[in-house]
Amino acid sequence: MPDIVKVKTGSKFEEHGSYSRLVAVDNLIFVSNTAGRNPRTKTIPEDLTAQTLQVLANIETALAAVDASLADVVAARVFVQFPQDVETVMAAYGEKMRRIDPTLTMTCPALGAPEYRVEIEVTAYRGAATANARMMKISL
């Protein structure tokens, strides 16, 4: 039987929606769609770059709870509320995730409220950061 760890942050949304922030099944880690609310101040940065970096910081904190890091992320899904914000989000995300290079899906659905301009969900594999990985280039 695999070991399963479910991580909660105490968010009222997790309680209301009956979900975990993160579920680790052995070394495979799923992080729920995460917004940019600062856990200390309970505020969401208005600046989109700051909000994107806060989302990633929140994910990084969740991953650290199970001895993983952003460097272990193998897939990401980025949800951008407004299409005109894609370039700003992509630049901030790209800077933070440089050399990690997970798969990426970026889309522009409606989010829960206008202040949520970006949310990110990731899948990680504990140990991916130190695995022997090789980069391949192909033509499509």
# chains A, B, ... in the order shown; residues from 1 in each chain; ligands from 1
$ closest_atom_pairs --of "range 113-136 of chain A" --to "range 62-68 of chain A" --cutoff "12 Å" --atoms "only C-alpha atoms" --output "CSV"
residue,atom,partner,partner_atom,distance
A:Glu121,CA,A:Ala62,CA,11.6
A:Val122,CA,A:Leu63,CA,10.0
A:Thr123,CA,A:Leu63,CA,10.1
A:Ala124,CA,A:Ala68,CA,8.0
A:Tyr125,CA,A:Ala68,CA,8.0
A:Arg126,CA,A:Ala68,CA,5.5
A:Gly127,CA,A:Ala68,CA,7.4
A:Ala128,CA,A:Ala68,CA,9.1
A:Ala129,CA,A:Ala68,CA,8.8
A:Thr130,CA,A:Ala68,CA,11.0
$ select_by_dssp --residues "chain A" --states "helix (DSSP H, G or I)" --output "number ranges by chain"
A: 12-17, 48-64, 70-72, 83-97, 128-130
$ residues_around --residues "range 44-56 of chain A" --least-positions-apart "6" --cutoff "10 Å" --atoms "only C-alpha atoms" --output "number ranges by chain"
A: 33-38, 62, 70, 78, 80, 85, 88-93, 95-97, 115-122
$ closest_residue --among "A:Leu140, A:Ile4, A:Ala110, A:Ala71" --to "Asp26 in chain A" --atoms "only C-alpha atoms"
A:Ile4
